[in-house]
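A.B. asks: Next up, coords_36.cif (mmCIF, C-alpha atoms and all ligand atoms).
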```
data_start
loop_
_atom_site.label_atom_id
_atom_site.label_comp_id
_atom_site.auth_asym_id
_atom_site.auth_seq_id
_atom_site.Cartn_x
_atom_site.Cartn_y
_atom_site.Cartn_z
CA MET A 1 121.38 74.03 86.74
CA LYS A 2 119.44 73.39 89.89
CA THR A 3 115.74 72.62 89.68
CA ARG A 4 113.69 74.42 92.32
CA THR A 5 111.03 72.11 93.71
CA ILE A 6 108.02 73.86 95.23
CA ALA A 7 105.04 72.22 96.95
CA VAL A 8 101.94 74.40 96.88
CA ALA A 9 100.14 73.31 100.00
CA ASN A 10 97.51 74.12 102.57
CA GLU A 11 95.44 71.48 104.29
CA LYS A 12 92.52 73.87 104.10
CA GLY A 13 90.39 73.38 101.00
CA GLY A 14 89.50 75.97 98.39
CA VAL A 15 92.21 78.52 99.26
CA GLY A 16 93.64 78.78 95.73
CA LYS A 17 96.30 76.05 95.65
CA THR A 18 95.40 74.72 92.22
CA VAL A 19 94.85 78.15 90.69
CA THR A 20 98.25 79.20 92.06
CA VAL A 21 100.01 76.13 90.65
CA ILE A 22 98.49 76.69 87.20
CA ASN A 23 98.95 80.44 86.98
CA LEU A 24 102.25 80.84 88.76
CA GLY A 25 103.55 78.04 86.57
CA ALA A 26 102.15 79.69 83.44
CA ALA A 27 103.52 83.10 84.46
CA LEU A 28 106.97 81.60 85.06
CA SER A 29 106.86 79.95 81.63
CA LEU A 30 106.06 83.36 80.13
CA LYS A 31 109.25 84.59 81.76
CA GLN A 32 111.26 81.98 79.88
CA GLN A 33 111.41 79.47 82.73
CA LYS A 34 110.99 75.79 81.94
CA VAL A 35 108.26 74.54 84.26
CA LEU A 36 106.86 71.15 85.22
CA LEU A 37 103.56 71.03 87.09
CA VAL A 38 102.87 67.86 89.05
CA ASP A 39 99.23 67.22 89.89
CA MET A 40 99.18 65.14 93.08
CA ASP A 41 95.49 65.70 93.82
CA PRO A 42 93.06 62.88 92.87
CA GLN A 43 90.52 65.63 92.09
CA ALA A 44 92.82 66.34 89.10
CA ASN A 45 91.79 70.00 88.98
CA ALA A 46 95.17 71.20 87.73
CA THR A 47 95.09 68.58 84.97
CA LYS A 48 91.57 69.57 83.90
CA GLY A 49 92.34 73.27 84.33
CA LEU A 50 95.06 72.95 81.70
CA GLY A 51 92.73 71.13 79.34
CA VAL A 52 94.69 67.89 79.58
CA GLU A 53 92.74 64.64 79.33
CA PRO A 54 95.09 61.66 79.51
CA GLU A 55 94.13 59.04 76.94
CA GLU A 56 92.72 55.73 78.14
CA GLY A 57 95.62 53.69 79.47
CA ALA A 58 98.17 56.52 79.24
CA PRO A 59 100.40 56.64 82.33
CA THR A 60 99.70 59.32 84.94
CA VAL A 61 101.19 60.19 88.29
CA TYR A 62 99.32 57.17 89.66
CA ASP A 63 101.43 54.86 87.52
CA ILE A 64 104.76 56.39 88.44
CA LEU A 65 103.98 55.66 92.11
CA ASP A 66 103.25 52.00 91.38
CA ARG A 67 105.61 49.91 93.47
CA GLU A 68 105.43 46.75 91.35
CA SER A 69 105.98 48.08 87.84
CA PRO A 70 106.32 51.85 87.96
CA ALA A 71 106.04 53.92 84.80
CA LYS A 72 108.89 56.35 84.16
CA ALA A 73 108.14 60.01 84.83
CA ALA A 74 109.21 60.73 81.25
CA GLU A 75 106.40 58.50 79.94
CA ALA A 76 103.74 60.26 81.99
CA ILE A 77 104.80 63.89 81.44
CA VAL A 78 102.80 65.69 78.75
CA GLN A 79 103.35 69.01 77.04
CA THR A 80 100.53 71.47 77.55
CA ALA A 81 99.31 73.82 74.84
CA TRP A 82 101.78 76.40 76.17
CA GLN A 83 105.49 76.33 75.51
CA GLY A 84 107.71 75.69 78.51
CA LEU A 85 104.81 74.40 80.60
CA ASP A 86 104.71 70.61 81.05
CA LEU A 87 102.39 68.56 83.22
CA LEU A 88 102.53 65.28 85.05
CA PRO A 89 98.79 64.61 85.10
CA SER A 90 96.71 63.18 87.89
CA HIS A 91 94.09 60.48 87.67
CA VAL A 92 91.10 59.72 89.85
CA ASP A 93 92.70 56.31 90.63
CA LEU A 94 95.17 58.24 92.75
CA SER A 95 92.47 58.37 95.44
CA GLY A 96 93.09 54.64 96.01
CA SER A 97 96.83 55.09 96.59
CA GLU A 98 96.44 55.71 100.29
CA VAL A 99 95.00 52.25 100.82
CA GLU A 100 97.04 50.48 98.13
CA LEU A 101 100.35 51.76 99.46
CA ALA A 102 99.51 51.37 103.16
CA ASP A 103 101.78 48.35 103.62
CA VAL A 104 104.61 49.46 101.35
CA VAL A 105 107.88 50.09 103.15
CA GLY A 106 109.24 53.52 102.25
CA ARG A 107 105.87 54.57 100.83
CA GLU A 108 106.57 58.24 101.56
CA ASN A 109 109.59 58.14 99.21
CA LEU A 110 107.81 56.93 96.07
CA LEU A 111 107.42 60.32 94.39
CA LYS A 112 110.97 61.38 95.22
CA GLU A 113 112.29 58.21 93.64
CA ALA A 114 110.05 58.60 90.61
CA LEU A 115 111.09 62.21 89.98
CA ALA A 116 114.80 61.62 90.57
CA ASP A 117 115.20 61.08 86.85
CA LEU A 118 113.36 63.76 84.87
CA PRO A 119 113.60 63.88 81.08
CA GLU A 120 114.46 67.59 80.96
CA GLU A 121 116.20 70.20 83.00
CA TYR A 122 113.34 72.10 84.54
CA ASP A 123 113.89 75.45 86.24
CA PHE A 124 110.86 74.88 88.43
CA VAL A 125 108.75 71.92 89.50
CA LEU A 126 105.48 73.07 91.11
CA LEU A 127 103.41 70.42 92.86
CA ASP A 128 99.69 70.69 93.57
CA THR A 129 98.50 68.88 96.70
CA PRO A 130 95.13 67.71 97.98
CA PRO A 131 93.47 69.55 100.90
CA SER A 132 94.54 66.98 103.50
CA LEU A 133 97.68 65.58 105.02
CA SER A 134 97.39 62.36 103.05
CA LEU A 135 100.14 60.00 101.97
CA LEU A 136 100.16 61.89 98.66
CA THR A 137 100.89 65.18 100.43
CA VAL A 138 103.58 63.51 102.53
CA ASN A 139 105.17 62.22 99.30
CA VAL A 140 105.23 65.79 97.99
CA PHE A 141 106.81 67.07 101.21
CA THR A 142 109.45 64.33 101.05
CA TYR A 143 110.45 65.46 97.56
CA ALA A 144 110.09 69.26 97.64
CA ARG A 145 112.66 71.67 98.98
CA HIS A 146 110.22 74.59 99.30
CA VAL A 147 106.62 75.08 100.37
CA LEU A 148 104.46 77.88 99.04
CA VAL A 149 101.33 78.48 101.07
CA PRO A 150 98.29 80.15 99.52
CA CYS A 151 96.21 81.64 102.33
CA GLN A 152 92.76 83.01 101.71
CA THR A 153 92.38 86.41 103.39
CA HIS A 154 89.69 85.01 105.64
CA PRO A 155 89.81 84.26 109.40
CA TYR A 156 89.40 80.47 109.06
CA ALA A 157 92.27 80.22 106.60
CA TYR A 158 94.42 82.44 108.81
CA ALA A 159 93.68 80.25 111.83
CA ALA A 160 94.55 77.09 109.88
CA LEU A 161 98.07 78.36 109.08
CA GLU A 162 99.39 77.38 112.49
CA GLU A 163 98.58 73.73 111.90
CA LEU A 164 100.26 73.78 108.52
CA PHE A 165 103.40 75.34 109.97
CA ASP A 166 103.43 72.61 112.66
CA THR A 167 103.10 69.98 109.94
CA ILE A 168 106.05 71.38 108.01
CA SER A 169 108.17 71.50 111.20
CA ALA A 170 107.34 67.85 111.86
CA VAL A 171 108.24 66.93 108.27
CA LYS A 172 111.55 68.79 108.61
CA GLU A 173 112.42 66.93 111.80
CA THR A 174 111.55 63.52 110.44
CA ILE A 175 111.54 62.92 106.70
CA ASN A 176 112.97 65.96 104.92
CA PRO A 177 115.49 68.16 106.74
CA ASP A 178 115.89 70.34 103.62
CA ILE A 179 112.28 71.52 103.44
CA SER A 180 111.35 75.09 104.35
CA ILE A 181 108.49 77.50 103.85
CA LEU A 182 109.24 79.78 100.94
CA GLY A 183 106.33 82.11 101.47
CA ILE A 184 102.68 82.80 102.11
CA VAL A 185 100.57 84.10 99.24
CA PRO A 186 97.45 85.99 100.35
CA THR A 187 94.59 84.97 98.04
CA PHE A 188 91.00 86.09 97.39
CA TYR A 189 92.04 89.55 98.56
CA ASP A 190 89.29 92.16 98.34
CA SER A 191 90.27 95.62 99.56
CA ARG A 192 86.60 96.59 99.77
CA THR A 193 85.92 94.20 102.62
CA ARG A 194 87.16 94.90 106.12
CA VAL A 195 87.75 91.26 106.89
CA SER A 196 90.05 90.83 103.91
CA GLN A 197 92.02 93.95 104.89
CA ARG A 198 92.22 92.86 108.52
CA ILE A 199 93.56 89.40 107.70
CA LEU A 200 96.13 90.83 105.30
CA ASP A 201 97.25 93.24 108.04
CA GLN A 202 97.47 90.39 110.53
CA LEU A 203 99.54 88.33 108.14
CA LYS A 204 101.91 91.24 107.59
CA THR A 205 102.33 91.95 111.31
CA ASP A 206 102.28 88.51 112.96
CA GLU A 207 105.88 87.74 113.93
CA ASN A 208 105.53 84.14 112.75
CA TYR A 209 104.40 85.10 109.27
CA ARG A 210 105.40 88.66 108.38
CA ASP A 211 108.79 87.84 106.89
CA LEU A 212 107.22 85.18 104.71
CA VAL A 213 104.29 87.07 103.22
CA PHE A 214 104.62 87.92 99.52
CA ARG A 215 104.07 91.59 98.62
CA THR A 216 101.68 90.43 95.94
CA ALA A 217 98.22 89.57 97.22
CA VAL A 218 96.13 87.75 94.63
CA ARG A 219 92.88 89.64 94.37
CA ALA A 220 89.50 87.96 94.23
CA ASN A 221 88.75 88.05 90.53
CA THR A 222 85.95 86.34 88.61
CA THR A 223 88.15 86.08 85.50
CA ILE A 224 90.12 83.40 87.37
CA ALA A 225 87.03 81.21 87.70
CA GLU A 226 86.11 81.96 84.08
CA SER A 227 89.56 80.94 82.85
CA ALA A 228 89.27 77.63 84.72
CA ASP A 229 86.00 77.04 82.93
CA VAL A 230 87.69 77.38 79.54
CA CYS A 231 90.72 75.35 80.71
CA ARG A 232 93.27 78.12 80.15
CA PRO A 233 95.59 79.80 82.65
CA VAL A 234 94.28 83.31 83.30
CA VAL A 235 97.66 84.79 82.29
CA PHE A 236 96.93 83.58 78.74
CA TYR A 237 93.16 83.97 78.81
CA ARG A 238 92.91 87.66 79.81
CA LYS A 239 96.33 89.20 80.06
CA GLY A 240 95.12 92.49 81.55
CA SER A 241 92.85 91.00 84.22
CA PHE A 242 93.64 91.33 87.93
CA GLY A 243 94.26 87.59 88.12
CA SER A 244 96.80 87.72 85.31
CA VAL A 245 98.57 90.82 86.65
CA ASP A 246 98.74 89.41 90.18
CA TYR A 247 100.15 86.04 89.15
CA ARG A 248 102.74 87.66 86.89
CA ASN A 249 103.79 89.92 89.76
CA LEU A 250 103.97 86.89 92.02
CA ALA A 251 106.21 85.16 89.47
CA ASP A 252 108.51 88.22 89.46
CA GLU A 253 108.71 88.14 93.24
CA LEU A 254 109.47 84.43 93.19
CA LEU A 255 112.25 84.90 90.64
CA GLU A 256 113.62 87.70 92.81
CA LYS A 257 113.66 85.39 95.84
CA PHE A 258 115.73 82.89 93.88
CA GLY A 259 118.00 85.60 92.52
CA ILE A 260 116.87 85.02 88.94
CA LEU A 261 116.48 87.99 86.63
CA ALA A 262 113.09 87.96 84.92
CA ASP A 263 113.39 87.88 81.15
CA SER A 264 111.66 90.96 79.81
CA THR A 265 110.77 89.41 76.47
CA GLU A 266 107.27 88.29 77.58
N1 LIG B 1 91.75 84.86 93.31
C1 LIG B 1 90.60 84.22 93.00
N2 LIG B 1 89.50 84.92 92.69
C2 LIG B 1 88.35 84.28 92.38
N3 LIG B 1 88.19 82.96 92.35
C3 LIG B 1 89.25 82.21 92.66
C4 LIG B 1 90.52 82.78 93.01
N4 LIG B 1 91.38 81.78 93.26
C5 LIG B 1 90.70 80.64 93.10
N5 LIG B 1 89.42 80.89 92.73
C6 LIG B 1 88.35 79.90 92.51
O1 LIG B 1 88.05 79.34 93.77
C7 LIG B 1 87.90 77.94 93.68
C8 LIG B 1 88.94 77.25 94.56
O2 LIG B 1 90.24 77.52 94.04
P1 LIG B 1 91.31 76.34 93.91
O3 LIG B 1 90.69 75.18 93.25
O4 LIG B 1 92.53 76.90 93.36
O5 LIG B 1 91.51 76.01 95.45
P2 LIG B 1 92.27 74.76 96.08
O6 LIG B 1 92.94 75.24 97.32
O7 LIG B 1 93.09 74.10 95.07
O8 LIG B 1 91.03 73.82 96.43
P3 LIG B 1 91.13 72.26 96.91
O9 LIG B 1 91.55 72.33 98.33
O10 LIG B 1 89.73 71.73 96.73
O11 LIG B 1 92.12 71.59 96.04
C9 LIG B 1 87.99 77.59 92.21
O12 LIG B 1 86.70 77.56 91.67
C10 LIG B 1 88.77 78.75 91.61
O13 LIG B 1 88.46 78.99 90.25
MG MG B 2 93.12 72.11 94.41
#
```
Could you write out this file's structure as structure tokens?
C.D. replies:
Amino acid sequence: MKTRTIAVANEKGGVGKTVTVINLGAALSLKQQKVLLVDMDPQANATKGLGVEPEEGAPTVYDILDRESPAKAAEAIVQTAWQGLDLLPSHVDLSGSEVELADVVGRENLLKEALADLPEEYDFVLLDTPPSLSLLTVNVFTYARHVLVPCQTHPYAYAALEELFDTISAVKETINPDISILGIVPTFYDSRTRVSQRILDQLKTDENYRDLVFRTAVRANTTIAESADVCRPVVFYRKGSFGSVDYRNLADELLEKFGILADSTE
């Protein structure tokens, strides 16, 4: 079986990267997929959002990137409260990696090397990234085969897409020829506002983006913020909410893209 590796990335902050990693991952696990989430953001929002608090001294993603005495990925991966959904947690120490690894030769390959040997056969590995093109993000792009881009239906987020696409092209030419953009997920969609509608229309008509835009737009939905507050994916917290429905539809579309039949037992 081939593990699909997907970086969820956008250098713009607050566009829904972490919420997408958590809920797309959770929705895929509901559809009988075995999923590993990798939290590569020192803010550790995905880790906290799943209610995981690594014990004092327990290895995290920070330790698997350690050049001197790296921890094995298997030691750092934890099971979440939900079956089929595992997590490689982040730690605030990760914010020091940029400086600590500055002189390391091959520093962009550390994550790829660390994840080469996973303890289980995962169907999907989804990686959350920080809102910057840091060494951590570059490590994710060196490892991942696909990039999923959440884009807030707002003019600033739309404008920032071009830079991200340029970044991915540069990565493809230099460090990872296999990487490609899997799709753009419109987020914070609100059909009642003209700006949201206009940006969605632009995404669906722009020749650079239209073939990549998912049919599912994730609607702005307060239940998503609420579910983060109680550290549960929205797909488990309120199954009938817009957030839950949208992320489950997104998971169906993703499975379709990979030619996988969704298991209807959820
Ligand atoms: N569809 C949505 N509707 C309402 N609130 C949302 C939605 N998606 C995300 N949020 C909320 O918006 C905030 C930002 O979302 P999120 O943390 O996923 O963005 P991010 O891109 O990961 O941010 P950062 O760049 O800081 O990592 C969070 O408080 C989250 O709960
Ligand atoms: Mg985030």
A.B. asks: What's the 9 Å shell around stretch 77-82 of chain A, counting only C-alpha atoms, without same-chain residues fewer than 6 positions away, as a VMD selection string?
C.D. replies: chain A and resid 26 29 36 38 50 to 52 54 59 to 61 88 to 89 119
A.B. asks: Let me see if you get this right: every residue at most 6 Å from ligand LIG 1 (chain B), counting only C-alpha atoms and all ligand atoms, written as a PyMOL selection string.
C.D. replies: chain A and resi 13-19+130-131+187-188+218-222+224-225+228
A.B. asks: How many Å lie between atom CA of A:Thr223 and atom CA of A:Gly243, rounded to one decimal?
C.D. replies: 6.8 Å
A.B. asks: Between A:Asp201, A:Glu226, A:Asp103, A:Asp93, which residue has the minimum interatomic distance to A:Met40, considering all atoms listed in the file?
C.D. replies: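 Selected residue with least distance to A:Met40: A:Asp93.
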A.B. asks: One number please: atom CA of A:Tyr62 to atom CA of A:Leu94, in Å, one decimal.
C.D. replies: 5.3 Å
A.B. asks: May I ask which of the residues A:Ala160, A:Val125, A:Leu110, A:Val140 is the closest one to A:Asn10, counting all atoms listed in the file?
C.D. replies: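 Using all atoms listed in the file, A:Asn10 sits closest to A:Ala160.
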